>>> print(open('work.txt').read())   # compact mmCIF, C-alpha atoms
# COMPACT_ATOMS: atom_id res chain seq x y z
CA MET A 23 12.92 -4.62 -9.37
CA SER A 24 10.92 -1.70 -8.05
CA SER A 25 11.49 1.36 -5.90
CA ILE A 26 8.89 1.26 -3.14
CA SER A 27 8.03 3.81 -0.45
CA PHE A 28 5.88 2.86 2.52
CA ILE A 29 3.83 5.50 4.31
CA GLY A 30 3.11 3.86 7.64
CA LEU A 31 5.22 1.72 9.91
CA GLY A 32 2.84 -0.88 11.33
CA GLY A 33 2.71 -4.64 11.03
CA MET A 34 1.53 -4.72 7.42
CA ALA A 35 4.23 -2.28 6.31
CA HIS A 36 6.82 -4.41 8.08
CA ALA A 37 5.55 -7.68 6.57
CA ILE A 38 5.30 -6.38 3.01
CA ALA A 39 8.59 -4.45 3.24
CA ALA A 40 10.45 -7.53 4.54
CA ARG A 41 9.29 -9.53 1.54
CA ALA A 42 10.10 -6.58 -0.73
CA VAL A 43 13.69 -6.40 0.56
CA ALA A 44 14.04 -10.17 0.08
CA GLY A 45 12.71 -9.72 -3.47
CA GLY A 46 15.44 -7.20 -4.32
CA ASN A 47 13.30 -4.06 -4.25
CA SER A 48 14.58 -0.68 -3.08
CA ILE A 49 12.67 0.30 0.08
CA GLU A 50 11.96 3.64 1.77
CA LEU A 51 10.03 3.71 5.06
CA ILE A 52 8.13 6.84 6.05
CA GLY A 53 6.24 7.54 9.24
CA ARG A 54 5.44 10.35 11.63
CA ASP A 55 7.91 8.78 14.09
CA ALA A 56 11.30 9.23 12.39
CA ALA A 57 13.11 7.09 14.97
CA LYS A 58 10.71 4.19 14.38
CA ALA A 59 11.25 4.51 10.60
CA LYS A 60 15.02 4.36 11.08
CA ASP A 61 14.73 1.38 13.43
CA LEU A 62 12.52 -0.52 10.98
CA ALA A 63 14.92 0.27 8.11
CA ALA A 64 17.82 -1.07 10.18
CA THR A 65 15.84 -4.19 11.11
CA LEU A 66 14.96 -4.89 7.46
CA GLY A 67 18.47 -4.26 6.15
CA GLY A 68 18.98 -4.71 2.44
CA GLY A 69 19.61 -1.00 1.96
CA ALA A 70 16.19 0.03 3.30
CA THR A 71 16.13 3.73 4.16
CA ALA A 72 14.00 6.02 6.30
CA GLY A 73 12.32 8.97 4.60
CA THR A 74 10.80 12.11 6.04
CA PHE A 75 7.05 12.26 6.54
CA GLY A 76 5.40 14.80 4.22
CA THR A 77 8.20 15.01 1.65
CA VAL A 78 8.10 13.50 -1.84
CA PRO A 79 8.37 9.71 -1.55
CA VAL A 80 11.34 8.27 -3.44
CA GLY A 81 9.50 5.21 -4.70
CA ASP A 82 7.61 4.96 -7.97
CA ILE A 83 5.16 2.83 -5.98
CA VAL A 84 3.88 4.15 -2.64
CA VAL A 85 2.28 1.67 -0.25
CA LEU A 86 -0.31 3.49 1.85
CA ALA A 87 0.00 1.44 5.04
CA VAL A 88 -2.13 3.49 7.42
CA PRO A 89 -5.59 2.80 8.87
CA TYR A 90 -8.42 3.70 6.51
CA ALA A 91 -9.66 6.35 8.97
CA SER A 92 -6.55 8.43 8.24
CA ALA A 93 -5.85 7.38 4.63
CA VAL A 94 -7.64 10.23 2.84
CA SER A 95 -6.16 12.83 5.18
CA VAL A 96 -2.65 11.43 4.66
CA VAL A 97 -2.85 11.49 0.86
CA THR A 98 -4.43 14.95 1.02
CA GLN A 99 -1.56 16.14 3.19
CA TYR A 100 0.96 14.74 0.68
CA GLY A 101 -0.92 16.37 -2.21
CA ASP A 102 1.24 16.96 -5.28
CA ALA A 103 4.11 15.00 -3.71
CA LEU A 104 2.18 11.92 -4.92
CA ALA A 105 1.85 13.15 -8.51
CA GLY A 106 2.80 10.46 -11.00
CA LYS A 107 3.02 7.78 -8.31
CA ILE A 108 1.27 4.44 -8.10
CA ILE A 109 -0.46 4.29 -4.72
CA ILE A 110 -1.16 0.83 -3.29
CA ASP A 111 -4.09 1.09 -0.90
CA ILE A 112 -3.89 -1.77 1.62
CA THR A 113 -6.68 -0.46 3.88
CA ASN A 114 -10.06 -1.88 4.77
CA PRO A 115 -12.77 0.77 5.33
CA PHE A 116 -14.35 -0.84 8.40
CA ASN A 117 -15.92 1.02 11.29
CA ALA A 118 -14.25 0.90 14.73
CA ASP A 119 -15.75 -2.45 15.76
CA ALA A 120 -15.47 -4.02 12.27
CA THR A 121 -19.21 -4.60 11.99
CA GLY A 122 -19.68 -2.49 8.87
CA LEU A 123 -18.14 -0.24 6.26
CA VAL A 124 -17.60 3.49 6.63
CA VAL A 125 -18.03 4.21 2.91
CA PRO A 126 -21.35 4.55 1.09
CA ASP A 127 -22.70 1.51 -0.79
CA ASP A 128 -22.02 3.10 -4.19
CA THR A 129 -18.25 3.49 -3.71
CA SER A 130 -15.18 1.77 -2.28
CA GLY A 131 -12.47 2.93 0.09
CA ALA A 132 -9.98 2.84 -2.77
CA GLN A 133 -12.25 5.02 -4.91
CA GLU A 134 -12.46 7.55 -2.08
CA ILE A 135 -8.66 7.58 -1.77
CA ALA A 136 -8.36 7.93 -5.57
CA LYS A 137 -10.51 11.08 -5.41
CA ALA A 138 -8.00 12.62 -2.99
CA VAL A 139 -4.75 11.97 -4.92
CA PRO A 140 -3.43 14.08 -7.83
CA ALA A 141 -4.95 13.22 -11.21
CA SER A 142 -1.61 11.80 -12.43
CA ALA A 143 -1.43 9.30 -9.54
CA HIS A 144 -3.04 5.88 -9.85
CA VAL A 145 -4.54 3.95 -6.94
CA VAL A 146 -4.38 0.17 -6.93
CA LYS A 147 -6.06 -1.81 -4.14
CA ALA A 148 -3.99 -4.76 -2.89
CA PHE A 149 -2.96 -6.72 0.22
CA ASN A 150 -6.18 -5.92 2.12
CA THR A 151 -7.25 -9.57 2.10
CA VAL A 152 -4.02 -10.94 3.59
CA PHE A 153 -3.00 -10.56 7.23
CA GLY A 154 0.48 -9.25 8.07
CA HIS A 155 1.36 -12.20 10.28
CA VAL A 156 0.47 -14.55 7.41
CA LEU A 157 2.62 -12.56 4.95
CA ALA A 158 5.49 -12.66 7.44
CA GLN A 159 5.51 -16.47 7.41
CA GLY A 160 6.96 -16.35 3.90
CA HIS A 161 4.56 -18.79 2.27
CA PRO A 162 3.41 -18.30 -1.33
CA LEU A 163 -0.02 -16.66 -1.24
CA ASP A 164 -2.58 -15.16 -3.59
CA VAL A 165 -2.91 -11.38 -3.51
CA LEU A 166 -6.05 -9.88 -5.00
CA PHE A 167 -5.59 -6.47 -6.62
CA ALA A 168 -7.85 -3.99 -8.38
CA GLY A 169 -7.33 -0.75 -10.24
CA ASP A 170 -8.51 1.43 -13.07
CA ASP A 171 -5.17 1.98 -14.87
CA ALA A 172 -3.69 -0.95 -16.83
CA GLN A 173 -0.06 0.23 -16.54
CA ALA A 174 -0.36 0.81 -12.80
CA LYS A 175 -1.90 -2.63 -12.37
CA ALA A 176 0.93 -4.22 -14.40
CA SER A 177 3.52 -2.52 -12.17
CA VAL A 178 1.75 -3.66 -9.00
CA SER A 179 1.40 -7.18 -10.39
CA ALA A 180 5.17 -7.32 -11.05
CA PHE A 181 5.84 -5.99 -7.54
CA ILE A 182 3.57 -8.64 -6.00
CA GLU A 183 5.39 -11.35 -7.97
CA SER A 184 8.75 -10.02 -6.69
CA LEU A 185 7.48 -10.81 -3.18
CA GLY A 186 7.04 -14.48 -4.07
CA LEU A 187 3.26 -14.02 -4.20
CA ARG A 188 0.68 -14.68 -6.92
CA PRO A 189 -1.16 -11.58 -8.14
CA LEU A 190 -4.82 -12.02 -9.10
CA ASP A 191 -6.44 -9.11 -10.95
CA VAL A 192 -10.07 -8.76 -9.83
CA GLY A 193 -11.01 -5.71 -11.93
CA GLY A 194 -11.52 -2.02 -11.29
CA LEU A 195 -11.49 -0.06 -8.04
CA GLU A 196 -15.24 -0.54 -7.66
CA MET A 197 -14.43 -4.16 -6.81
>>> encode(input="work.txt", output="structure tokens")
Amino acid sequence: MSSISFIGLGGMAHAIAARAVAGGNSIELIGRDAAKAKDLAATLGGGATAGTFGTVPVGDIVVLAVPYASAVSVVTQYGDALAGKIIIDITNPFNADATGLVVPDDTSGAQEIAKAVPASAHVVKAFNTVFGHVLAQGHPLDVLFAGDDAQAKASVSAFIESLGLRPLDVGGLEM
């Protein structure tokens, strides 16, 4: 199985991490609120641990589970700590009232995040089309994913399968 770090402690992080623990993955939870990270790790069980915000994530795969409005600033703050990592972007780049996108027409939110991570890191978009409360129900679901690096996409596909979900590759980050 995989070693997965989650940056963010909200509902999506909880839902994906719960399935990840059930799938036998090693889980690290990271958030600005250390007590909340420890509480979530204890709730999940399965050896889940709490990491320290801003330090190098333990996982080979890092799930960026923060709102899009803060995603670029979070990965910029982490900087070289994300070198060599696969970053799963679960965000949706909507404006505050969800009536439009906050990225230009010629790019995607994932592409903007990819510009901010170290060159050796690979961003894969996934989970942004599935709601956390639906994931938490435990049903088998389809998970669309996109990325520009074949090895990173293969790793994310295997991770998605470990959650009891069906990965569907939809192409590059421009998708």
>>> closest_residue(input="work.txt", among="A:Asp128, A:Ser48, A:Val152, A:Ile83", to="Ser179 in chain A", atoms="all atoms listed in the file")
A:Ile83
>>> closest_residue(input="work.txt", among="A:Phe181, A:Tyr100, A:Phe153, A:Phe167", to="Gly194 in chain A", atoms="only C-alpha atoms")
A:Phe167
>>> closest_residue(input="work.txt", among="A:Gly186, A:Met197, A:Pro162, A:Ala59", to="Asp127 in chain A", atoms="only C-alpha atoms")
A:Met197
>>> atom_distance(input="work.txt", atom1="CA of Val43 in chain A", atom2="CA of Asp102 in chain A")
27.1 Å
>>> residues_around(input="work.txt", residues="range 130-134 of chain A", least_positions_apart="3", cutoff="7 Å", atoms="all atoms listed in the file", output="PyMOL selection string")
chain A and resi 111+115+125+137-138+145+147+195-196
>>> residues_around(input="work.txt", residues="Ile112 in chain A", least_positions_apart="3", cutoff="8 Å", atoms="only C-alpha atoms", output="list in words")
Val85, Leu86, Ala87, Lys147, Ala148, Phe149 and Asn150 of chain A
>>> residues_near_point(input="work.txt", point="(15.9, 4.6, 7.5)", cutoff="10 Å", atoms="only C-alpha atoms", output="ChimeraX atom specification")
/A:49-52,56-67,69-74
>>> closest_residue(input="work.txt", among="A:Leu185, A:Ala44, A:Ile29, A:Ala172", to="Pro89 in chain A", atoms="all atoms listed in the file")
A:Ile29
>>> atom_distance(input="work.txt", atom1="CA of Thr98 in chain A", atom2="CA of Ala143 in chain A")
12.3 Å
>>> closest_residue(input="work.txt", among="A:Leu187, A:Val165, A:Ile135, A:Val178", to="Ser92 in chain A", atoms="all atoms listed in the file")
A:Ile135
>>> residues_near_point(input="work.txt", point="(11.4, 0.9, -7.9)", cutoff="10 Å", atoms="only C-alpha atoms", output="PyMOL selection string")
chain A and resi 23-27+46-49+80-84+177+181
>>> atom_distance(input="work.txt", atom1="CA of Leu163 in chain A", atom2="CA of Lys107 in chain A")
25.6 Å
>>> residues_around(input="work.txt", residues="Gly101 in chain A", least_positions_apart="3", cutoff="9 Å", atoms="only C-alpha atoms", output="PyMOL selection string")
chain A and resi 96-98+104-105+138-140
>>> write_last_selection(input="work.txt", atoms="C-alpha atoms", output="PDB file, in the frame of the given file")
ATOM      1  CA  VAL A  96      -2.650  11.430   4.660  1.00  0.00           C
ATOM      2  CA  VAL A  97      -2.850  11.490   0.860  1.00  0.00           C
ATOM      3  CA  THR A  98      -4.430  14.950   1.020  1.00  0.00           C
ATOM      4  CA  LEU A 104       2.180  11.920  -4.920  1.00  0.00           C
ATOM      5  CA  ALA A 105       1.850  13.150  -8.510  1.00  0.00           C
ATOM      6  CA  ALA A 138      -8.000  12.620  -2.990  1.00  0.00           C
ATOM      7  CA  VAL A 139      -4.750  11.970  -4.920  1.00  0.00           C
ATOM      8  CA  PRO A 140      -3.430  14.080  -7.830  1.00  0.00           C
TER       9      PRO A 140
END
>>> closest_residue(input="work.txt", among="A:Ala118, A:Val88, A:Ala103, A:Ala174", to="Ala35 in chain A", atoms="only C-alpha atoms")
A:Val88
>>> residues_around(input="work.txt", residues="Gly160 in chain A", least_positions_apart="3", cutoff="8 Å", atoms="all atoms listed in the file", output="PyMOL selection string")
chain A and resi 41+156-157
>>> write_last_selection(input="work.txt", atoms="C-alpha atoms", output="compact mmCIF listing (two decimals), in the coordinates of the input")
# COMPACT_ATOMS: atom_id res chain seq x y z
CA ARG A 41 9.29 -9.53 1.54
CA VAL A 156 0.47 -14.55 7.41
CA LEU A 157 2.62 -12.56 4.95
>>> axis_aligned_box(input="work.txt", around="range 108-117 of chain A", padding_each_side="8 Å", output="JSON")
{"center_x": -7.3, "center_y": 1.3, "center_z": 1.6, "size_x": 33.2, "size_y": 22.3, "size_z": 35.4}
>>> residues_around(input="work.txt", residues="Leu166 in chain A", least_positions_apart="3", cutoff="8 Å", atoms="all atoms listed in the file", output="list in words")
Ala148, Phe149, Thr151, Pro189, Leu190, Asp191 and Val192 of chain A
